[in-house]
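**Student:** File name start.cif; file contents mmCIF, C-alpha atoms; full text below.
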data_target
#
loop_
_atom_site.label_atom_id
_atom_site.label_comp_id
_atom_site.auth_asym_id
_atom_site.auth_seq_id
_atom_site.Cartn_x
_atom_site.Cartn_y
_atom_site.Cartn_z
CA MET Q 1 -52.62 -28.34 -43.67
CA ARG Q 2 -54.55 -25.74 -41.85
CA ILE Q 3 -52.83 -22.74 -40.20
CA THR Q 4 -54.62 -21.39 -37.22
CA LYS Q 5 -54.37 -18.01 -35.63
CA LEU Q 6 -52.52 -19.61 -32.70
CA ASP Q 7 -49.86 -21.05 -35.03
CA VAL Q 8 -49.24 -17.65 -36.64
CA HIS Q 9 -49.08 -16.01 -33.22
CA ALA Q 10 -46.59 -18.61 -31.93
CA GLU Q 11 -44.45 -18.25 -35.07
CA THR Q 12 -44.43 -14.44 -34.76
CA LYS Q 13 -43.55 -14.69 -31.09
CA THR Q 14 -40.67 -17.07 -31.90
CA ARG Q 15 -39.33 -14.65 -34.53
CA HIS Q 16 -39.46 -11.79 -32.05
CA ILE Q 17 -37.58 -13.83 -29.47
CA ILE Q 18 -34.89 -14.71 -32.02
CA ILE Q 19 -34.54 -11.10 -33.18
CA VAL Q 20 -34.36 -9.75 -29.62
CA SER Q 21 -31.83 -12.44 -28.67
CA LEU Q 22 -29.61 -11.57 -31.63
CA LEU Q 23 -29.82 -7.87 -30.78
CA LEU Q 24 -28.91 -8.58 -27.17
CA LEU Q 25 -25.89 -10.56 -28.33
CA TRP Q 26 -24.87 -7.83 -30.80
CA ILE Q 27 -25.33 -4.75 -28.58
CA PRO Q 28 -22.62 -5.67 -26.01
CA SER Q 29 -20.12 -6.04 -28.85
CA ILE Q 30 -20.63 -2.36 -29.60
CA TYR Q 31 -20.12 -1.19 -26.03
CA ALA Q 32 -17.97 -3.85 -24.36
CA GLN Q 33 -14.89 -3.82 -26.54
CA GLU Q 34 -11.33 -4.42 -25.46
CA PRO Q 35 -9.94 -1.12 -24.19
CA ASN Q 36 -7.71 0.71 -26.63
CA PHE Q 37 -5.23 2.63 -24.52
CA LYS Q 38 -4.19 4.87 -27.41
CA TRP Q 39 -7.23 6.97 -26.49
CA LEU Q 40 -5.65 7.54 -23.06
CA GLN Q 41 -2.87 9.63 -24.54
CA GLY Q 42 -1.32 10.23 -21.12
CA LEU Q 43 -0.32 6.58 -20.99
CA GLY Q 44 1.46 6.92 -24.32
CA GLU Q 45 2.94 3.83 -25.86
CA THR Q 46 2.58 1.34 -23.01
CA ARG Q 47 4.06 -2.12 -23.26
CA TYR Q 48 3.38 -5.10 -21.01
CA HIS Q 49 5.66 -7.84 -19.71
CA ARG Q 50 4.59 -10.74 -17.53
CA VAL Q 51 7.40 -11.79 -15.20
CA ASP Q 52 7.04 -15.25 -13.68
CA SER Q 53 9.80 -14.97 -11.10
CA ARG Q 54 11.81 -18.12 -10.60
CA LEU Q 55 13.38 -16.65 -7.48
CA LEU Q 56 10.11 -16.02 -5.60
CA GLU Q 57 7.63 -18.16 -7.56
CA GLN Q 58 5.57 -15.00 -7.96
CA THR Q 59 4.01 -13.34 -11.00
CA TYR Q 60 4.70 -9.66 -11.53
CA HIS Q 61 2.94 -7.57 -14.17
CA VAL Q 62 5.30 -4.95 -15.58
CA PHE Q 63 4.02 -1.97 -17.55
CA VAL Q 64 6.44 0.20 -19.52
CA ARG Q 65 5.61 3.70 -20.79
CA LEU Q 66 8.08 4.86 -23.39
CA PRO Q 67 8.74 8.56 -23.95
CA GLU Q 68 7.55 10.18 -27.16
CA GLU Q 69 11.21 10.83 -28.03
CA TYR Q 70 12.00 7.12 -27.71
CA GLU Q 71 14.38 5.61 -30.20
CA PRO Q 72 16.32 2.37 -29.81
CA GLY Q 73 19.94 2.96 -28.90
CA LYS Q 74 19.34 6.31 -27.19
CA LYS Q 75 19.47 5.69 -23.43
CA PHE Q 76 16.82 7.13 -21.12
CA PRO Q 77 16.60 7.42 -17.33
CA THR Q 78 14.11 4.94 -15.90
CA VAL Q 79 11.63 5.44 -13.07
CA TYR Q 80 10.45 2.19 -11.44
CA LEU Q 81 7.11 2.44 -9.63
CA LEU Q 82 6.23 -0.09 -6.94
CA ASP Q 83 2.54 -0.89 -6.47
CA GLY Q 84 2.40 -0.23 -10.21
CA GLY Q 85 -1.19 -1.40 -10.55
CA MET Q 86 -2.17 1.75 -8.68
CA THR Q 87 0.74 4.14 -9.26
CA PHE Q 88 1.50 3.51 -12.95
CA PRO Q 89 -1.74 4.87 -14.50
CA ILE Q 90 -1.56 7.97 -12.32
CA LEU Q 91 2.13 8.77 -12.61
CA ALA Q 92 2.57 7.73 -16.26
CA GLY Q 93 -0.23 10.13 -17.17
CA TYR Q 94 1.18 12.88 -14.96
CA TYR Q 95 4.63 12.32 -16.47
CA ARG Q 96 3.13 13.07 -19.90
CA TYR Q 97 1.51 16.24 -18.55
CA LEU Q 98 4.88 17.45 -17.19
CA ARG Q 99 6.62 16.54 -20.46
CA LEU Q 100 4.21 18.74 -22.43
CA GLY Q 101 5.63 21.72 -20.53
CA GLU Q 102 9.16 20.30 -20.76
CA GLU Q 103 9.33 20.41 -16.96
CA ILE Q 104 11.07 17.05 -16.66
CA PRO Q 105 13.43 15.09 -18.91
CA ALA Q 106 12.29 12.30 -21.19
CA ALA Q 107 12.23 9.01 -19.24
CA ILE Q 108 10.95 5.48 -19.31
CA ILE Q 109 8.28 4.83 -16.67
CA VAL Q 110 7.96 1.25 -15.37
CA GLY Q 111 5.13 0.04 -13.13
CA ILE Q 112 5.65 -3.22 -11.22
CA SER Q 113 2.29 -4.68 -10.22
CA TYR Q 114 0.92 -7.76 -8.49
CA GLY Q 115 -2.30 -7.45 -10.48
CA THR Q 116 -4.43 -7.46 -7.34
CA ASP Q 117 -4.84 -5.76 -3.95
CA ASP Q 118 -5.67 -9.06 -2.25
CA TRP Q 119 -2.84 -11.06 -0.67
CA LYS Q 120 -4.86 -14.25 -1.19
CA GLN Q 121 -4.69 -13.62 -4.93
CA GLY Q 122 -0.98 -12.81 -5.04
CA ASN Q 123 -0.31 -9.33 -3.65
CA MET Q 124 2.84 -9.94 -1.63
CA ARG Q 125 3.84 -6.36 -0.87
CA SER Q 126 3.89 -7.14 2.88
CA ARG Q 127 6.58 -9.74 2.11
CA ASP Q 128 8.47 -7.95 -0.65
CA TYR Q 129 8.66 -4.47 0.83
CA THR Q 130 9.52 -5.28 4.45
CA ALA Q 131 12.42 -6.29 6.64
CA LYS Q 132 12.24 -9.33 8.92
CA ALA Q 133 10.09 -8.98 12.05
CA ASP Q 134 9.81 -11.58 14.82
CA ASP Q 135 6.10 -10.94 15.36
CA ARG Q 136 5.22 -11.10 11.63
CA PRO Q 137 6.39 -14.33 9.99
CA HIS Q 138 5.19 -13.27 6.53
CA TRP Q 139 7.40 -10.16 6.56
CA GLY Q 140 11.03 -9.97 5.61
CA GLY Q 141 11.34 -10.52 1.89
CA ALA Q 142 12.96 -7.20 0.96
CA ASP Q 143 16.33 -8.80 0.20
CA ASP Q 144 14.67 -11.45 -1.97
CA PHE Q 145 12.63 -8.80 -3.77
CA GLN Q 146 15.79 -6.80 -4.41
CA ASN Q 147 17.21 -9.94 -6.03
CA VAL Q 148 14.10 -10.22 -8.24
CA LEU Q 149 14.62 -6.62 -9.29
CA ARG Q 150 18.35 -7.10 -9.88
CA LYS Q 151 18.25 -10.50 -11.60
CA GLU Q 152 14.90 -10.55 -13.37
CA ILE Q 153 13.10 -7.21 -13.78
CA LEU Q 154 15.98 -4.78 -14.41
CA PRO Q 155 17.62 -7.06 -17.04
CA LEU Q 156 14.22 -7.51 -18.73
CA ILE Q 157 13.65 -3.77 -18.97
CA GLU Q 158 17.21 -2.87 -19.94
CA GLY Q 159 17.41 -5.77 -22.42
CA ASN Q 160 14.18 -4.84 -24.22
CA HIS Q 161 14.13 -1.06 -23.93
CA SER Q 162 16.74 1.71 -24.11
CA ALA Q 163 16.90 2.13 -20.34
CA ASP Q 164 20.08 3.62 -18.90
CA PRO Q 165 21.35 1.38 -16.05
CA GLY Q 166 23.24 4.35 -14.63
CA ARG Q 167 20.08 6.43 -14.20
CA ARG Q 168 17.50 4.42 -12.23
CA ILE Q 169 15.02 5.75 -9.69
CA ILE Q 170 12.59 3.64 -7.67
CA ILE Q 171 9.49 5.16 -6.15
CA GLY Q 172 7.49 3.27 -3.58
CA ALA Q 173 5.04 3.61 -0.78
CA VAL Q 174 5.88 4.17 2.87
CA SER Q 175 6.94 0.55 3.31
CA TRP Q 176 9.56 0.81 0.57
CA ARG Q 177 11.01 3.92 2.19
CA THR Q 178 11.15 1.94 5.44
CA VAL Q 179 13.06 -0.82 3.69
CA CYS Q 180 15.44 1.75 2.27
CA SER Q 181 16.06 3.20 5.71
CA LEU Q 182 16.35 -0.19 7.43
CA HIS Q 183 18.56 -1.69 4.77
CA GLY Q 184 20.08 1.66 4.03
CA ALA Q 185 19.62 3.56 0.81
CA ASN Q 186 23.27 2.81 0.15
CA ASN Q 187 22.44 -0.91 0.00
CA ALA Q 188 19.76 -0.29 -2.63
CA ARG Q 189 22.18 1.91 -4.53
CA ALA Q 190 25.01 -0.63 -4.28
CA VAL Q 191 22.93 -3.71 -5.01
CA LEU Q 192 20.55 -2.25 -7.59
CA GLY Q 193 22.13 0.98 -8.75
CA ILE Q 194 18.83 2.61 -7.79
CA HIS Q 195 18.07 5.81 -5.92
CA CYS Q 196 15.13 5.39 -3.51
CA LYS Q 197 12.41 8.04 -3.33
#
Translate this file's structure into structure tokens.
**Tutor:**
Amino acid sequence: MRITKLDVHAETKTRHIIIVSLLLLWIPSIYAQEPNFKWLQGLGETRYHRVDSRLLEQTYHVFVRLPEEYEPGKKFPTVYLLDGGMTFPILAGYYRYLRLGEEIPAAIIVGISYGTDDWKQGNMRSRDYTAKADDRPHWGGADDFQNVLRKEILPLIEGNHSADPGRRIIIGAVSWRTVCSLHGANNARAVLGIHCK
């Protein structure tokens, strides 16, 4: 068998292609790893719960930031953040900053998220955070959302974490404040045991 210069060149080229291909497959594994949130110390020990609501046939993504002083059995006030996909990373981190200076008490921070900003992909804030309106048929699910909170999300949080049911605060965007004023903050307090902010 006779090896020509072309055969050697083709074999060398094939080896180079294989080596480069393997490197290209290996390099992303160095840089594109799963995020490790422990390096974002402001988020602290964050836990995740997926809530597939039977009441609204809606998926909610619930993020829970436990205080550094957390211990099972010791009850903590709980702050529930609506639009949690946006508000949770900001306010959970800021909570930690304020705790470093002991400017606020230890608390559990809970972010309730749709996992998207797009209503076509499941963001139903215009339904969940609004009262009924004749000119907007997709509005008016605030009462149903309160039931999801009362029957599904609050029991999940208080059953799995040392959250004090007597010390709940809910923080939401303008639309949630509108719901509180239309339905009355007393309704939210009576139905949910929550103070609206």
**Student:** May I have the residues at most 12 Å from (12.0, 7.3, -26.8) in the file's coordinates, counting all atoms listed in the file, as an MDAnalysis selection string?
**Tutor:** chainID Q and resid 44:46 64:78 105:109 161:164
**Student:** Once the PyMOL selection byres ((chain Q and resi 131) around 6) has been evaluated on this model, what residues remain selected, and can you format them as a list of chain:residue names?
**Tutor:**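 Selection result, ordered by chain and number: Q:Thr130, Q:Lys132, Q:Gly140, Q:Ala142.
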**Student:** What is the CA of His49 (chain Q) to CA of Val148 (chain Q) distance in Å?
**Tutor:**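 About the pair CA of His49 (chain Q) and CA of Val148 (chain Q): they are 14.4 Å apart.
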**Student:** From the set Q:Gly42, Q:Gly84, Q:Pro137, Q:Gly159, which residue has the shortest atom-to-atom contact distance to Ile112 (chain Q), counting only C-alpha atoms?
**Tutor:** Q:Gly84
**Student:** The PyMOL selection byres ((chain Q and resi 50) around 12) on the file shown: which residues, as a list in words?
**Tutor:** Arg47, Tyr48, His49, Val51, Asp52, Ser53, Gln58, Thr59, Tyr60, His61, Val62, Phe63, Val64, Gly111, Ile112, Ser113, Tyr114, Gly115, Glu152, Ile153, Leu156 and Ile157 of chain Q
**Student:** Next, the residues of the selection above should be written as a PDB file, keeping the file's coordinate frame with C-alpha atoms.
**Tutor:**
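Wrote again.pdb, looks like this:
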ATOM      1  CA  ARG Q  47       4.060  -2.120 -23.260  1.00  0.00           C
ATOM      2  CA  TYR Q  48       3.380  -5.100 -21.010  1.00  0.00           C
ATOM      3  CA  HIS Q  49       5.660  -7.840 -19.710  1.00  0.00           C
ATOM      4  CA  VAL Q  51       7.400 -11.790 -15.200  1.00  0.00           C
ATOM      5  CA  ASP Q  52       7.040 -15.250 -13.680  1.00  0.00           C
ATOM      6  CA  SER Q  53       9.800 -14.970 -11.100  1.00  0.00           C
ATOM      7  CA  GLN Q  58       5.570 -15.000  -7.960  1.00  0.00           C
ATOM      8  CA  THR Q  59       4.010 -13.340 -11.000  1.00  0.00           C
ATOM      9  CA  TYR Q  60       4.700  -9.660 -11.530  1.00  0.00           C
ATOM     10  CA  HIS Q  61       2.940  -7.570 -14.170  1.00  0.00           C
ATOM     11  CA  VAL Q  62       5.300  -4.950 -15.580  1.00  0.00           C
ATOM     12  CA  PHE Q  63       4.020  -1.970 -17.550  1.00  0.00           C
ATOM     13  CA  VAL Q  64       6.440   0.200 -19.520  1.00  0.00           C
ATOM     14  CA  GLY Q 111       5.130   0.040 -13.130  1.00  0.00           C
ATOM     15  CA  ILE Q 112       5.650  -3.220 -11.220  1.00  0.00           C
ATOM     16  CA  SER Q 113       2.290  -4.680 -10.220  1.00  0.00           C
ATOM     17  CA  TYR Q 114       0.920  -7.760  -8.490  1.00  0.00           C
ATOM     18  CA  GLY Q 115      -2.300  -7.450 -10.480  1.00  0.00           C
ATOM     19  CA  GLU Q 152      14.900 -10.550 -13.370  1.00  0.00           C
ATOM     20  CA  ILE Q 153      13.100  -7.210 -13.780  1.00  0.00           C
ATOM     21  CA  LEU Q 156      14.220  -7.510 -18.730  1.00  0.00           C
ATOM     22  CA  ILE Q 157      13.650  -3.770 -18.970  1.00  0.00           C
TER      23      ILE Q 157
END
**Student:** Take the PyMOL selection byres ((chain Q and resi 126) around 9), run it mentally on this structure, and tell me the resulting residues as a list in words.
**Tutor:**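 Applying the PyMOL selection byres ((chain Q and resi 126) around 9) to the structure shown produces Trp119, Asn123, Met124, Arg125, Arg127, Asp128, Tyr129, Thr130, His138, Trp139, Gly140, Gly141 and Ser175 of chain Q.
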**Student:** Please supply region 61-78 of chain Q, rebuilt with N, CA and C atoms, as a CSV table (one decimal), in the frame of the given file.
**Tutor:**
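Done, and the output landed in part08.csv:
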chain,number,residue,atom,x,y,z
Q,61,HIS,N,3.4,-8.2,-12.9
Q,61,HIS,CA,2.9,-7.6,-14.2
Q,61,HIS,C,3.7,-6.2,-14.3
Q,62,VAL,N,4.4,-6.1,-15.4
Q,62,VAL,CA,5.3,-5.0,-15.6
Q,62,VAL,C,4.8,-4.1,-16.8
Q,63,PHE,N,4.5,-2.9,-16.5
Q,63,PHE,CA,4.0,-2.0,-17.6
Q,63,PHE,C,5.1,-0.9,-17.8
Q,64,VAL,N,5.4,-0.7,-19.1
Q,64,VAL,CA,6.4,0.2,-19.5
Q,64,VAL,C,5.9,1.3,-20.4
Q,65,ARG,N,6.0,2.5,-20.0
Q,65,ARG,CA,5.6,3.7,-20.8
Q,65,ARG,C,6.9,4.3,-21.4
Q,66,LEU,N,6.9,4.3,-22.7
Q,66,LEU,CA,8.1,4.9,-23.4
Q,66,LEU,C,7.9,6.3,-23.7
Q,67,PRO,N,8.9,7.1,-23.6
Q,67,PRO,CA,8.7,8.6,-24.0
Q,67,PRO,C,8.5,8.8,-25.4
Q,68,GLU,N,7.8,9.9,-25.8
Q,68,GLU,CA,7.6,10.2,-27.2
Q,68,GLU,C,8.8,10.3,-28.0
Q,69,GLU,N,9.9,10.7,-27.3
Q,69,GLU,CA,11.2,10.8,-28.0
Q,69,GLU,C,12.0,9.5,-28.2
Q,70,TYR,N,11.3,8.4,-27.8
Q,70,TYR,CA,12.0,7.1,-27.7
Q,70,TYR,C,12.6,6.7,-29.1
Q,71,GLU,N,13.8,6.3,-29.0
Q,71,GLU,CA,14.4,5.6,-30.2
Q,71,GLU,C,15.4,4.6,-29.7
Q,72,PRO,N,15.4,3.4,-30.3
Q,72,PRO,CA,16.3,2.4,-29.8
Q,72,PRO,C,17.8,2.9,-29.9
Q,73,GLY,N,18.5,2.5,-28.9
Q,73,GLY,CA,19.9,3.0,-28.9
Q,73,GLY,C,20.2,4.2,-28.1
Q,74,LYS,N,19.2,5.1,-28.0
Q,74,LYS,CA,19.3,6.3,-27.2
Q,74,LYS,C,18.9,5.9,-25.8
Q,75,LYS,N,19.8,6.1,-24.8
Q,75,LYS,CA,19.5,5.7,-23.4
Q,75,LYS,C,18.7,6.7,-22.7
Q,76,PHE,N,17.7,6.3,-21.9
Q,76,PHE,CA,16.8,7.1,-21.1
Q,76,PHE,C,16.9,6.8,-19.6
Q,77,PRO,N,16.8,7.8,-18.7
Q,77,PRO,CA,16.6,7.4,-17.3
Q,77,PRO,C,15.3,6.6,-17.1
Q,78,THR,N,15.3,5.8,-16.1
Q,78,THR,CA,14.1,4.9,-15.9
Q,78,THR,C,13.6,5.1,-14.5
